[in-house]
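Containing mmCIF, C-alpha atoms: start22.cif.
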data_query
loop_
_atom_site.label_atom_id
_atom_site.label_comp_id
_atom_site.auth_asym_id
_atom_site.auth_seq_id
_atom_site.Cartn_x
_atom_site.Cartn_y
_atom_site.Cartn_z
CA MET F 1463 -40.20 85.77 6.03
CA GLU F 1464 -40.17 82.82 8.39
CA VAL F 1465 -43.53 81.51 9.54
CA ASN F 1466 -42.62 82.14 13.17
CA ASN F 1467 -41.67 85.72 12.42
CA ILE F 1468 -44.97 86.26 10.63
CA ILE F 1469 -46.90 84.85 13.55
CA SER F 1470 -45.04 86.94 16.13
CA SER F 1471 -45.13 90.11 14.02
CA GLY F 1472 -48.58 91.10 15.30
CA LEU F 1473 -49.82 91.76 11.77
CA LEU F 1474 -52.24 88.85 11.89
CA GLU F 1475 -53.85 90.34 14.98
CA LEU F 1476 -54.10 93.76 13.34
CA TYR F 1477 -55.70 92.17 10.30
CA ALA F 1478 -58.21 90.19 12.32
CA ALA F 1479 -59.13 93.24 14.40
CA GLY F 1480 -59.72 95.28 11.25
CA LEU F 1481 -56.70 97.54 11.84
CA ALA F 1482 -54.48 96.52 8.95
CA SER F 1483 -53.84 98.91 6.07
CA GLN F 1484 -54.67 97.76 2.55
CA ASP F 1485 -51.03 96.84 1.91
CA GLU F 1486 -50.80 94.95 5.17
CA ALA F 1487 -54.07 93.15 4.45
CA ALA F 1488 -52.82 92.09 1.02
CA GLN F 1489 -49.61 90.86 2.64
CA VAL F 1490 -51.50 88.84 5.23
CA GLN F 1491 -53.75 87.32 2.57
CA GLN F 1492 -50.72 86.25 0.60
CA TRP F 1493 -49.11 84.64 3.66
CA VAL F 1494 -52.35 82.82 4.45
CA GLN F 1495 -52.35 81.33 0.96
CA GLN F 1496 -48.70 80.46 1.18
CA TYR F 1497 -48.34 79.03 4.69
CA PRO F 1498 -50.92 76.70 6.24
CA GLU F 1499 -49.49 77.46 9.71
CA VAL F 1500 -50.22 81.15 9.21
CA ALA F 1501 -53.75 80.33 8.03
CA ASP F 1502 -54.27 78.24 11.18
CA GLU F 1503 -52.94 81.00 13.40
CA LEU F 1504 -55.17 83.61 11.78
CA ALA F 1505 -58.16 81.29 12.12
CA ALA F 1506 -57.43 80.91 15.86
CA ILE F 1507 -57.13 84.69 16.29
CA GLU F 1508 -60.35 85.30 14.40
CA ALA F 1509 -62.10 82.60 16.40
CA SER F 1510 -61.07 84.23 19.70
CA LEU F 1511 -62.29 87.64 18.53
CA ALA F 1512 -65.56 86.15 17.28
CA MET F 1513 -66.02 84.50 20.68
CA TYR F 1514 -65.30 87.81 22.33
CA ALA F 1515 -67.89 89.51 20.15
CA GLN F 1516 -70.44 86.83 20.99
CA ALA F 1517 -69.73 87.29 24.70
CA ASN F 1518 -70.64 90.94 24.30
CA ALA F 1519 -73.69 90.27 22.14
CA LEU F 1520 -76.69 92.54 22.30
CA GLN F 1521 -79.91 90.96 21.11
CA PRO F 1522 -81.68 93.17 18.58
CA ASP F 1523 -85.43 93.56 18.57
CA ALA F 1524 -87.37 90.83 16.79
CA SER F 1525 -88.84 93.40 14.41
CA VAL F 1526 -85.38 93.96 12.92
CA LYS F 1527 -85.32 90.50 11.43
CA GLU F 1528 -88.90 90.73 10.20
CA LYS F 1529 -88.23 94.02 8.41
CA LEU F 1530 -84.93 92.72 7.12
CA PHE F 1531 -86.63 89.82 5.39
CA GLU F 1532 -89.33 92.11 4.03
CA ARG F 1533 -86.61 94.28 2.49
CA ILE F 1534 -84.77 91.32 1.05
CA ASN F 1535 -87.92 89.93 -0.49
CA GLU F 1536 -88.68 93.29 -2.03
CA GLY F 1537 -85.16 93.26 -3.46
CA ASP F 1538 -84.61 96.47 -1.55
CA THR F 1539 -81.10 97.85 -1.65
CA ALA F 1540 -81.99 101.33 -0.43
CA LYS F 1541 -79.95 102.78 2.39
CA VAL F 1542 -82.06 103.43 5.43
CA ILE F 1543 -85.58 102.56 6.32
CA PRO F 1544 -87.70 104.95 8.41
CA LEU F 1545 -87.06 104.69 12.12
CA SER F 1546 -89.57 102.58 13.94
CA SER F 1547 -91.17 104.24 16.88
CA SER F 1548 -89.72 103.11 20.17
CA GLN F 1549 -93.17 102.39 21.45
CA GLU F 1550 -93.78 99.93 18.72
CA SER F 1551 -90.55 98.07 19.24
CA GLN F 1552 -91.12 97.91 22.97
CA LEU F 1553 -94.55 96.46 22.39
CA LYS F 1554 -93.04 93.77 20.24
CA VAL F 1555 -90.43 92.94 22.84
CA VAL F 1556 -93.19 92.44 25.37
CA LYS F 1557 -95.07 90.24 22.98
CA ILE F 1558 -92.47 87.54 22.43
CA PRO F 1559 -89.57 88.01 24.78
CA SER F 1560 -89.13 84.43 25.94
CA ALA F 1561 -89.01 83.06 22.42
CA TRP F 1562 -86.26 85.48 21.56
CA LYS F 1563 -84.33 84.73 24.68
CA ASN F 1564 -84.37 81.08 23.76
CA VAL F 1565 -83.25 81.85 20.24
CA ALA F 1566 -80.50 84.08 21.58
CA ALA F 1567 -79.31 81.49 24.05
CA ALA F 1568 -79.36 78.88 21.35
CA ALA F 1569 -77.44 81.20 19.07
CA ILE F 1570 -74.63 81.51 21.58
CA VAL F 1571 -74.52 77.82 22.36
CA LEU F 1572 -74.49 77.11 18.67
CA LEU F 1573 -71.76 79.59 17.88
CA ILE F 1574 -69.18 76.87 17.80
CA GLY F 1575 -71.69 74.74 15.95
CA SER F 1576 -72.20 77.49 13.41
CA THR F 1577 -68.49 77.70 12.79
CA VAL F 1578 -68.44 73.98 12.25
CA PHE F 1579 -71.56 74.32 10.12
CA ASN F 1580 -69.83 76.88 7.93
CA ILE F 1581 -66.81 74.69 7.52
CA VAL F 1582 -68.98 71.67 6.78
CA GLN F 1583 -70.99 73.67 4.24
CA PHE F 1584 -67.84 74.91 2.54
CA ASN F 1585 -66.37 71.43 2.51
CA LYS F 1586 -69.64 70.05 1.19
CA SER F 1587 -69.80 72.53 -1.63
CA LYS F 1588 -66.13 71.90 -2.27
CA ALA F 1589 -66.80 68.16 -2.39
CA VAL F 1590 -69.68 68.70 -4.81
CA ASN F 1591 -67.52 70.94 -6.96
CA ASP F 1592 -64.69 68.43 -6.90
CA GLU F 1593 -67.08 65.68 -7.85
CA LEU F 1594 -68.49 67.77 -10.68
CA ALA F 1595 -65.00 68.57 -11.94
CA GLN F 1596 -64.11 64.88 -11.76
CA THR F 1597 -67.23 63.86 -13.67
CA ARG F 1598 -66.50 66.48 -16.32
CA GLN F 1599 -62.97 65.18 -16.59
CA GLN F 1600 -64.21 61.62 -16.96
CA ALA F 1601 -66.73 62.68 -19.60
CA ALA F 1602 -64.00 64.49 -21.51
CA ALA F 1603 -61.73 61.45 -21.27
CA LEU F 1604 -64.54 59.19 -22.50
CA ALA F 1605 -65.32 61.53 -25.38
CA GLN F 1606 -61.68 61.49 -26.37
CA GLU F 1607 -61.53 57.71 -26.14
CA LYS F 1608 -64.66 57.44 -28.29
CA LYS F 1609 -63.15 59.76 -30.87
CA GLN F 1610 -59.97 57.68 -30.92
CA LEU F 1611 -61.97 54.51 -31.46
CA GLU F 1612 -63.98 56.15 -34.21
CA ASP F 1613 -60.81 57.40 -35.89
CA GLU F 1614 -59.32 53.95 -35.64
CA GLN F 1615 -62.45 52.32 -37.04
CA ARG F 1616 -62.49 54.81 -39.90
CA ASP F 1617 -58.83 54.01 -40.63
CA ILE F 1618 -59.54 50.29 -40.61
CA ASN F 1619 -62.53 50.76 -42.91
CA ARG F 1620 -60.50 52.84 -45.23
CA TYR F 1621 -57.66 50.32 -45.20
CA VAL F 1622 -59.97 47.43 -45.93
CA GLU F 1623 -61.77 49.42 -48.61
CA THR F 1624 -58.48 50.35 -50.25
CA ALA F 1625 -57.03 46.87 -50.08
CA ARG F 1626 -60.21 45.20 -51.35
CA ASN F 1627 -60.80 47.59 -54.18
CA LYS F 1628 -60.89 45.46 -57.28
CA TYR F 1629 -58.68 47.93 -59.14
CA SER F 1630 -56.20 48.04 -56.29
CA GLN F 1631 -52.76 46.68 -57.02
CA SER F 1632 -50.64 46.28 -53.95
CA VAL F 1633 -46.94 46.89 -54.17
CA SER F 1634 -44.59 45.93 -51.37
CA VAL F 1635 -41.71 48.29 -50.85
CA THR F 1636 -38.98 46.49 -48.97
CA GLY F 1637 -36.07 47.96 -47.10
CA LEU F 1638 -32.79 47.83 -48.98
CA ASN F 1639 -30.78 47.03 -45.87
CA ALA F 1640 -33.52 45.71 -43.61
CA ALA F 1641 -35.78 43.20 -45.27
CA ASP F 1642 -38.25 43.17 -42.39
CA SER F 1643 -39.10 46.82 -42.78
CA SER F 1644 -41.55 47.52 -45.49
CA ALA F 1645 -44.37 49.70 -46.66
CA LYS F 1646 -47.36 48.69 -48.63
CA ILE F 1647 -48.52 50.74 -51.59
CA PHE F 1648 -51.97 50.50 -53.05
CA TRP F 1649 -52.00 51.64 -56.59
CA MET F 1650 -55.43 52.19 -58.09
CA LYS F 1651 -55.16 51.17 -61.70
CA ASN F 1652 -58.42 52.80 -62.74
CA THR F 1653 -57.78 56.23 -61.25
CA GLY F 1654 -54.04 56.27 -60.66
CA ASP F 1655 -54.58 57.14 -57.00
CA VAL F 1656 -51.82 56.07 -54.66
CA PHE F 1657 -52.26 54.99 -51.04
CA VAL F 1658 -49.52 54.02 -48.68
CA ASP F 1659 -49.58 51.93 -45.53
CA PRO F 1660 -46.34 52.87 -43.82
CA ALA F 1661 -46.94 50.82 -40.70
CA ASN F 1662 -43.87 48.66 -41.04
CA LEU F 1663 -41.41 51.44 -41.60
CA PRO F 1664 -39.17 51.89 -38.55
CA ALA F 1665 -39.50 55.13 -36.59
CA LEU F 1666 -37.16 57.93 -37.65
CA PRO F 1667 -35.30 60.54 -35.62
CA ALA F 1668 -37.34 63.69 -35.12
CA ASP F 1669 -35.42 65.64 -37.76
CA LYS F 1670 -36.07 63.08 -40.53
CA GLN F 1671 -39.09 62.04 -42.54
CA TYR F 1672 -40.05 59.41 -45.10
CA GLU F 1673 -41.08 60.46 -48.58
CA LEU F 1674 -42.66 58.32 -51.25
CA TRP F 1675 -41.42 58.30 -54.81
CA ALA F 1676 -42.75 56.84 -58.01
CA ILE F 1677 -40.25 55.82 -60.63
CA VAL F 1678 -41.64 57.06 -63.93
CA ASP F 1679 -39.61 56.58 -67.11
CA GLY F 1680 -36.58 55.79 -64.98
CA ALA F 1681 -36.75 59.04 -63.02
CA PRO F 1682 -38.04 59.50 -59.45
CA VAL F 1683 -41.15 61.66 -59.04
CA ASN F 1684 -42.05 62.74 -55.55
CA ALA F 1685 -45.40 61.36 -54.32
CA GLY F 1686 -45.48 63.20 -51.02
CA ILE F 1687 -44.42 63.03 -47.40
CA ILE F 1688 -45.49 59.98 -45.42
CA ILE F 1689 -47.02 61.38 -42.28
CA ASN F 1690 -47.92 58.60 -39.94
CA THR F 1691 -45.44 55.81 -39.38
CA GLU F 1692 -46.83 54.82 -36.01
CA LYS F 1693 -46.90 51.08 -35.54
CA GLY F 1694 -50.08 49.22 -34.78
CA THR F 1695 -52.36 51.61 -36.61
CA TYR F 1696 -54.31 50.86 -39.75
CA ARG F 1697 -53.53 54.03 -41.46
CA VAL F 1698 -53.54 54.38 -45.17
CA GLN F 1699 -52.51 57.71 -46.44
CA GLN F 1700 -53.53 58.97 -49.82
CA MET F 1701 -50.50 60.22 -51.71
CA LYS F 1702 -50.08 62.27 -54.81
CA ALA F 1703 -52.00 60.81 -57.73
CA PHE F 1704 -50.25 60.19 -61.01
CA GLY F 1705 -53.29 59.44 -63.10
CA SER F 1706 -54.02 56.19 -64.83
CA ALA F 1707 -52.15 57.13 -68.00
CA VAL F 1708 -48.74 57.46 -66.38
CA LYS F 1709 -46.66 54.36 -66.39
CA VAL F 1710 -45.16 53.83 -62.95
CA GLN F 1711 -42.36 51.29 -62.96
CA ALA F 1712 -41.64 51.17 -59.24
CA PHE F 1713 -42.20 52.85 -55.94
CA ALA F 1714 -39.48 53.90 -53.53
CA VAL F 1715 -39.28 55.33 -50.04
CA SER F 1716 -36.51 57.74 -49.16
CA VAL F 1717 -35.35 59.32 -45.91
CA GLU F 1718 -35.23 63.10 -46.10
CA PRO F 1719 -34.45 65.90 -43.68
CA LYS F 1720 -37.60 67.08 -41.93
CA SER F 1721 -39.33 69.65 -44.10
CA ALA F 1722 -42.83 70.81 -44.95
CA THR F 1723 -42.11 70.60 -48.67
CA PRO F 1724 -41.23 67.34 -50.43
CA ALA F 1725 -37.68 66.91 -51.74
CA VAL F 1726 -36.93 67.31 -55.45
CA THR F 1727 -34.59 64.33 -55.61
CA PRO F 1728 -34.36 61.47 -53.10
CA THR F 1729 -31.48 61.82 -50.62
CA VAL F 1730 -31.25 58.30 -49.19
CA VAL F 1731 -33.38 55.63 -50.83
CA TYR F 1732 -34.52 53.39 -48.04
CA ALA F 1733 -36.78 50.90 -49.77
CA VAL F 1734 -37.81 50.04 -53.28
CA GLY F 1735 -40.67 48.00 -54.66
CA PRO F 1736 -41.08 47.27 -58.36
CA ILE F 1737 -44.58 46.91 -59.70
CA MET B 1321 -84.58 84.82 -4.08
CA GLN B 1322 -84.01 81.17 -3.33
CA GLN B 1323 -85.84 79.73 -0.38
CA ARG B 1324 -82.74 77.80 0.64
CA ASP B 1325 -80.57 80.93 0.59
CA GLN B 1326 -83.02 82.66 2.84
CA GLN B 1327 -82.92 79.78 5.28
CA VAL B 1328 -79.15 79.97 5.46
CA PHE B 1329 -79.35 83.73 5.77
CA SER B 1330 -81.89 83.45 8.55
CA TYR B 1331 -79.50 81.09 10.30
CA LEU B 1332 -76.65 83.56 9.85
CA TYR B 1333 -78.79 86.35 11.23
CA ASP B 1334 -79.77 84.39 14.31
CA HIS B 1335 -76.16 83.54 15.07
CA TYR B 1336 -74.40 86.75 14.29
CA ALA B 1337 -76.90 89.61 14.57
CA PRO B 1338 -76.57 89.98 18.38
CA ALA B 1339 -72.78 90.26 18.19
CA LEU B 1340 -72.92 92.70 15.29
CA ASN B 1341 -75.65 94.68 16.98
CA ALA B 1342 -73.38 95.09 20.01
CA VAL B 1343 -70.59 96.40 17.79
CA ILE B 1344 -72.88 98.98 16.22
CA TYR B 1345 -74.34 99.96 19.55
CA ARG B 1346 -70.87 100.61 20.97
CA MET B 1347 -70.29 103.09 18.21
CA VAL B 1348 -73.63 104.86 17.96
CA GLU B 1349 -74.91 104.54 21.54
CA ASP B 1350 -78.45 104.61 20.30
CA ARG B 1351 -80.45 101.45 20.33
CA GLU B 1352 -82.86 102.37 17.54
CA LEU B 1353 -80.18 103.69 15.23
CA SER B 1354 -78.14 100.63 16.06
CA GLU B 1355 -80.92 98.31 14.97
CA ASP B 1356 -81.53 100.29 11.80
CA LEU B 1357 -77.87 100.03 10.93
CA LEU B 1358 -77.92 96.34 11.81
CA GLN B 1359 -80.69 95.89 9.29
CA ASP B 1360 -78.76 97.87 6.67
CA ALA B 1361 -75.69 95.80 7.40
CA PHE B 1362 -77.57 92.54 6.86
CA VAL B 1363 -79.13 93.83 3.64
CA LYS B 1364 -75.60 94.60 2.50
CA ILE B 1365 -74.37 91.19 3.61
CA TRP B 1366 -77.24 89.60 1.68
CA ASN B 1367 -76.56 91.63 -1.46
CA ASN B 1368 -72.80 91.17 -1.34
CA PHE B 1369 -72.60 87.62 -0.17
CA ASN B 1370 -71.00 86.52 -3.41
CA SER B 1371 -68.06 88.81 -2.80
CA TYR B 1372 -67.15 87.05 0.44
CA ASP B 1373 -63.85 85.30 -0.15
CA LYS B 1374 -63.23 82.57 2.37
CA THR B 1375 -59.53 82.53 1.62
CA LYS B 1376 -59.27 86.01 3.13
CA GLY B 1377 -60.62 85.05 6.50
CA ARG B 1378 -63.62 83.70 8.28
CA LEU B 1379 -67.16 84.73 7.53
CA PHE B 1380 -67.69 86.55 10.81
CA THR B 1381 -64.60 88.71 10.22
CA TRP B 1382 -65.99 89.72 6.84
CA MET B 1383 -69.38 90.48 8.36
CA ILE B 1384 -68.00 92.51 11.24
CA ASN B 1385 -65.71 94.50 8.92
CA LEU B 1386 -68.63 95.27 6.64
CA THR B 1387 -70.79 96.25 9.60
CA ARG B 1388 -68.09 98.40 11.18
CA ASN B 1389 -67.39 100.23 7.92
CA LEU B 1390 -71.07 100.84 7.30
CA THR B 1391 -71.42 102.27 10.79
CA ILE B 1392 -68.34 104.46 10.48
CA ASP B 1393 -69.58 105.76 7.12
CA THR B 1394 -72.91 106.61 8.68
CA LEU B 1395 -71.29 108.34 11.65
CA ARG B 1396 -69.17 110.41 9.30
CA SER B 1397 -72.02 111.28 6.95
CA LYS B 1398 -73.26 114.85 7.01
CA SER B 1399 -76.85 113.98 7.76
CA TYR B 1400 -75.76 112.08 10.81
CA LYS B 1401 -73.35 114.73 12.11
CA LYS B 1402 -76.07 117.34 12.19
CA GLN B 1403 -77.95 115.47 14.86
CA SER B 1404 -74.96 113.73 16.27
CA LYS B 1405 -73.60 113.81 19.74
CA ILE B 1406 -70.83 111.40 18.94
CA SER B 1407 -67.42 111.69 17.48
CA ALA B 1408 -64.55 109.34 17.88
CA ASP B 1409 -63.49 110.93 21.14
CA GLU B 1410 -63.68 110.50 24.87
CA ASN B 1411 -67.39 109.90 24.88
CA ALA B 1412 -66.99 106.72 23.00
CA VAL B 1413 -64.03 105.59 25.02
CA SER B 1414 -65.47 106.29 28.42
CA ASN B 1415 -68.31 104.19 27.24
CA VAL B 1416 -65.98 101.40 26.27
CA LYS B 1417 -64.35 101.43 29.66
CA ASP B 1418 -67.67 101.41 31.40
CA SER B 1419 -69.02 97.93 31.15
CA SER B 1420 -72.37 98.78 32.73
CA THR B 1421 -73.97 100.61 29.84
CA GLY B 1422 -77.18 98.70 30.10
CA ILE B 1423 -76.16 96.23 27.48
CA GLU B 1424 -77.79 92.90 28.06
CA LYS B 1425 -75.11 90.33 27.74
CA PHE B 1426 -75.60 86.79 26.69
CA ASP B 1427 -73.27 84.48 28.40
CA ALA B 1428 -74.36 80.94 27.83
CA VAL B 1429 -70.81 79.62 28.00
CA GLY B 1430 -69.67 81.77 30.90
CA LEU B 1431 -67.40 83.81 28.71
CA THR B 1432 -67.97 87.12 30.36
CA LYS B 1433 -66.65 85.85 33.66
CA HIS B 1434 -63.52 84.58 31.96
CA LEU B 1435 -63.09 87.83 30.11
CA SER B 1436 -63.34 89.90 33.26
CA ASN B 1437 -59.89 88.53 34.01
CA LEU B 1438 -58.56 90.30 30.96
CA LYS B 1439 -56.44 93.27 32.00
CA PRO B 1440 -58.35 96.53 31.52
CA ASP B 1441 -55.85 98.01 29.07
CA GLN B 1442 -55.87 94.80 27.06
CA LYS B 1443 -59.64 94.81 26.96
CA THR B 1444 -59.65 98.46 25.95
CA ILE B 1445 -57.30 98.06 23.02
CA ILE B 1446 -59.32 95.14 21.65
CA ASP B 1447 -62.56 97.04 22.17
CA LEU B 1448 -61.30 100.22 20.49
CA ALA B 1449 -60.25 98.31 17.40
CA TYR B 1450 -62.78 95.55 17.17
CA PHE B 1451 -65.87 97.25 18.51
CA ASN B 1452 -65.29 100.93 17.98
CA GLY B 1453 -63.53 100.68 14.67
CA PHE B 1454 -60.66 102.95 15.67
CA THR B 1455 -57.63 103.11 13.41
CA GLN B 1456 -54.12 102.38 14.70
CA ASP B 1457 -53.52 106.12 14.73
CA GLU B 1458 -56.65 106.86 16.72
CA ILE B 1459 -55.80 104.11 19.20
CA SER B 1460 -52.30 105.44 19.72
CA LYS B 1461 -53.69 108.92 20.42
CA GLN B 1462 -56.48 107.63 22.59
CA LEU B 1463 -54.28 105.45 24.76
CA ASP B 1464 -51.35 107.87 24.54
CA ILE B 1465 -48.98 105.17 23.33
CA PRO B 1466 -46.53 105.29 20.39
CA LEU B 1467 -48.06 104.21 17.06
CA GLY B 1468 -45.50 101.42 16.75
CA THR B 1469 -46.59 99.72 19.94
CA VAL B 1470 -50.25 99.39 18.96
CA LYS B 1471 -49.35 96.25 17.03
CA THR B 1472 -47.44 94.58 19.88
CA LYS B 1473 -50.04 95.56 22.47
CA MET B 1474 -52.81 94.24 20.26
CA ARG B 1475 -50.96 90.98 19.84
CA SER B 1476 -50.41 90.44 23.55
CA ALA B 1477 -54.01 91.37 24.28
CA ILE B 1478 -55.33 88.84 21.78
CA LEU B 1479 -52.91 86.20 23.05
CA GLU B 1480 -54.31 86.81 26.52
CA LEU B 1481 -57.82 86.58 25.14
CA ARG B 1482 -57.00 83.28 23.49
CA ASN B 1483 -55.65 81.98 26.78
CA TYR B 1484 -58.95 82.66 28.46
CA LEU B 1485 -60.89 81.03 25.70
CA LYS B 1486 -58.89 77.81 25.73
#

Rewrite the structure from the file as structure tokens, please.
Amino acid sequence: MEVNNIISSGLLELYAAGLASQDEAAQVQQWVQQYPEVADELAAIEASLAMYAQANALQPDASVKEKLFERINEGDTAKVIPLSSSQESQLKVVKIPSAWKNVAAAAIVLLIGSTVFNIVQFNKSKAVNDELAQTRQQAAALAQEKKQLEDEQRDINRYVETARNKYSQSVSVTGLNAADSSAKIFWMKNTGDVFVDPANLPALPADKQYELWAIVDGAPVNAGIIINTEKGTYRVQQMKAFGSAVKVQAFAVSVEPKSATPAVTPTVVYAVGPI
Amino acid sequence: MQQRDQQVFSYLYDHYAPALNAVIYRMVEDRELSEDLLQDAFVKIWNNFNSYDKTKGRLFTWMINLTRNLTIDTLRSKSYKKQSKISADENAVSNVKDSSTGIEKFDAVGLTKHLSNLKPDQKTIIDLAYFNGFTQDEISKQLDIPLGTVKTKMRSAILELRNYLK
């Protein structure tokens, strides 16, 4: 429905005057959320009715407020308190009438102020909430950044540790068709553990993956899928260990279709590095 | 309860209690009962303040709806009917039409004078809905107008009201 049709439909007035059915009320609430112009119109209607109510105001006895606060402080949710005797309430009116008249007059004058006050309060609490949300977001972002740095530091440490290991033998695996692409293998002679630094392997299409092979007795043995080929990271990945007794003649990297399980035989050998 | 909440609540009471009291008084025509219900209404407002949803309308609308419903419930309750002289009939309406019911009006911004320019039938339809808590059906019967025109009449009455308040 067009905004103008909504505004001229009369439903907003019914809603504001408390005449709308539940369905109509739900409809109005949805429009208000959807169209700022409708929200503004409803606010203007409500404001006029509130003004009208204030113009017809009837000051209650001062004792009402006193008893109200007594009940609230007792945590009282009971329905009705005993009726006060009219004599008593009249006495109280006589006691402090001028004070209440001033308060009442001030209340009317401040009606507009109170509306503004409400809006300001809501905006304030909204601002505080926004700020809190923002701070939380920043804290989360910082935490993530810290974790990234820690991960990176751990990778660097691991890389350095692996490369400096006195039993570590590094093997360069160079691309068969592209000499500038390479991977570095760290082969631990004492344990037979294998680490790979794939950082210089070019990125593959999403449906392909690199796999590492060891050439043992002239036959390729799969050493696992190389996970991270992202450039600029110091990532060494531990691959399948062959043990120190196995004689590895060379390492090779092949390109395989994307799969969770390593290939049995290499499809396309991309790079080879003899030991 | 928080001291700060009570301060805000006290502020709310000072600003809105007279208007709400007038609404209740229109319906019950008994000053003492009106003030008792006003107190009940504010206890309810205090206890249910968390359920006020500002996206559904302004605070005063929520408060007046709550107050009106509480009053209607009381008027319809058995214990009230026993001693009651009021039903949603001509008594209430003749009272609405009669502006000199002894209600002390506060008029710091000269509103009442402006509002006296409001056409009587426009004033009545607003009063029946907003102050007396009549339903559309009750208004149509009361004013002897088709149900479908309550909406349009209400709209033109409020438009007129808004004109005076500009």

Contacts of chain F with chain B up to 6 Å, shortest pair per row, only C-alpha atoms, as a tab-separated table:
residue	atom	partner	partner_atom	distance
F:Gly1472	CA	B:Arg1475	CA	5.1
F:Glu1475	CA	B:Arg1475	CA	5.7
F:Ala1479	CA	B:Tyr1450	CA	5.1
F:Leu1481	CA	B:Thr1455	CA	5.9
F:Gln1491	CA	B:Lys1376	CA	5.7
F:Ser1510	CA	B:Arg1482	CA	5.6
F:Ala1515	CA	B:Ala1339	CA	5.3
F:Gln1516	CA	B:Ala1339	CA	5.0
F:Ala1517	CA	B:Leu1431	CA	5.8
F:Asn1518	CA	B:Lys1425	CA	5.7
F:Ala1519	CA	B:Ala1339	CA	4.1
F:Leu1520	CA	B:Pro1338	CA	4.7
F:Gln1521	CA	B:Pro1338	CA	4.4
F:Leu1530	CA	B:Gln1359	CA	5.7
F:Ala1569	CA	B:His1335	CA	4.8

Kindly save the residues from that selection, with C-alpha atoms included, as a CSV table (one decimal), in the coordinates of the input.
chain,number,residue,atom,x,y,z
F,1472,GLY,CA,-48.6,91.1,15.3
F,1475,GLU,CA,-53.8,90.3,15.0
F,1479,ALA,CA,-59.1,93.2,14.4
F,1481,LEU,CA,-56.7,97.5,11.8
F,1491,GLN,CA,-53.8,87.3,2.6
F,1510,SER,CA,-61.1,84.2,19.7
F,1515,ALA,CA,-67.9,89.5,20.2
F,1516,GLN,CA,-70.4,86.8,21.0
F,1517,ALA,CA,-69.7,87.3,24.7
F,1518,ASN,CA,-70.6,90.9,24.3
F,1519,ALA,CA,-73.7,90.3,22.1
F,1520,LEU,CA,-76.7,92.5,22.3
F,1521,GLN,CA,-79.9,91.0,21.1
F,1530,LEU,CA,-84.9,92.7,7.1
F,1569,ALA,CA,-77.4,81.2,19.1

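Using the PyMOL selection byres ((chain F and resi 1666) around 12) on the file at hand returns these residues: Asn1662, Leu1663, Pro1664, Ala1665, Pro1667, Ala1668, Asp1669, Lys1670, Gln1671, Tyr1672, Glu1673, Ile1688, Ile1689, Asn1690, Thr1691, Glu1692, Ser1716, Val1717, Glu1718, Pro1719, Lys1720 and Tyr1732 of chain F.
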
Original post:
Please, what distance in Å, to one decimal, runs between atom CA of F:Leu1674 and atom CA of F:Arg1626?
Top reply: 21.9 Å

Original post:
Quick one: distance from atom CA of F:Ser1721 to atom CA of F:Arg1697 in Å, one decimal?
Top reply: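 Answer for the atom CA of F:Ser1721 to atom CA of F:Arg1697 separation: 21.3 Å.
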
Subject >> Top pick for closest residue to B:Asp1325, considering F:Tyr1497, F:Phe1531, F:Trp1675, F:Tyr1514 and counting only C-alpha atoms >> reply: F:Phe1531

Subject >> Hits of the PyMOL selection byres ((chain F and resi 1676) around 7) in this structure, as a list of chain:residue names >> reply: F:Leu1674, F:Trp1675, F:Ile1677, F:Val1678, F:Pro1682, F:Val1683, F:Asn1684, F:Ala1685, F:Val1710, F:Ala1712, F:Phe1713, F:Ala1714

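Between atom CA of F:Met1701 and atom CA of F:Arg1616 lies a distance of 17.7 Å.
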
**OP:** Tell me which protein, DNA and RNA residues are within 6 Å of F:Ile1647, counting only C-alpha atoms, leaving out same-chain ones fewer than 5 positions away, and put them as a ChimeraX atom specification.
**Re:** /F:1632-1633,1657-1658

**OP:** Spell out the residues picked by the PyMOL selection byres ((chain F and resi 1466) around 12) here, as a PyMOL selection string.
**Re:** chain F and resi 1463-1465+1467-1472+1474+1493+1497+1499-1500+1503

Take the residues from that selection and put them in a file with C-alpha atoms, as an mmCIF file, keeping the file's coordinate frame.
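Final file, result_25.cif:
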data_model
loop_
_atom_site.group_PDB
_atom_site.id
_atom_site.type_symbol
_atom_site.label_atom_id
_atom_site.label_comp_id
_atom_site.auth_asym_id
_atom_site.auth_seq_id
_atom_site.Cartn_x
_atom_site.Cartn_y
_atom_site.Cartn_z
ATOM 1 C CA MET F 1463 -40.200 85.770 6.030
ATOM 2 C CA GLU F 1464 -40.170 82.820 8.390
ATOM 3 C CA VAL F 1465 -43.530 81.510 9.540
ATOM 4 C CA ASN F 1467 -41.670 85.720 12.420
ATOM 5 C CA ILE F 1468 -44.970 86.260 10.630
ATOM 6 C CA ILE F 1469 -46.900 84.850 13.550
ATOM 7 C CA SER F 1470 -45.040 86.940 16.130
ATOM 8 C CA SER F 1471 -45.130 90.110 14.020
ATOM 9 C CA GLY F 1472 -48.580 91.100 15.300
ATOM 10 C CA LEU F 1474 -52.240 88.850 11.890
ATOM 11 C CA TRP F 1493 -49.110 84.640 3.660
ATOM 12 C CA TYR F 1497 -48.340 79.030 4.690
ATOM 13 C CA GLU F 1499 -49.490 77.460 9.710
ATOM 14 C CA VAL F 1500 -50.220 81.150 9.210
ATOM 15 C CA GLU F 1503 -52.940 81.000 13.400
#

**OP:** Kindly indicate which residue among F:Gln1631, F:Ser1706, F:Ser1483, F:Thr1636 lies nearest to F:Val1731, using only C-alpha atoms for the distances.
**Re:**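 Nearest candidate to F:Val1731 out of F:Gln1631, F:Ser1706, F:Ser1483, F:Thr1636: F:Thr1636.
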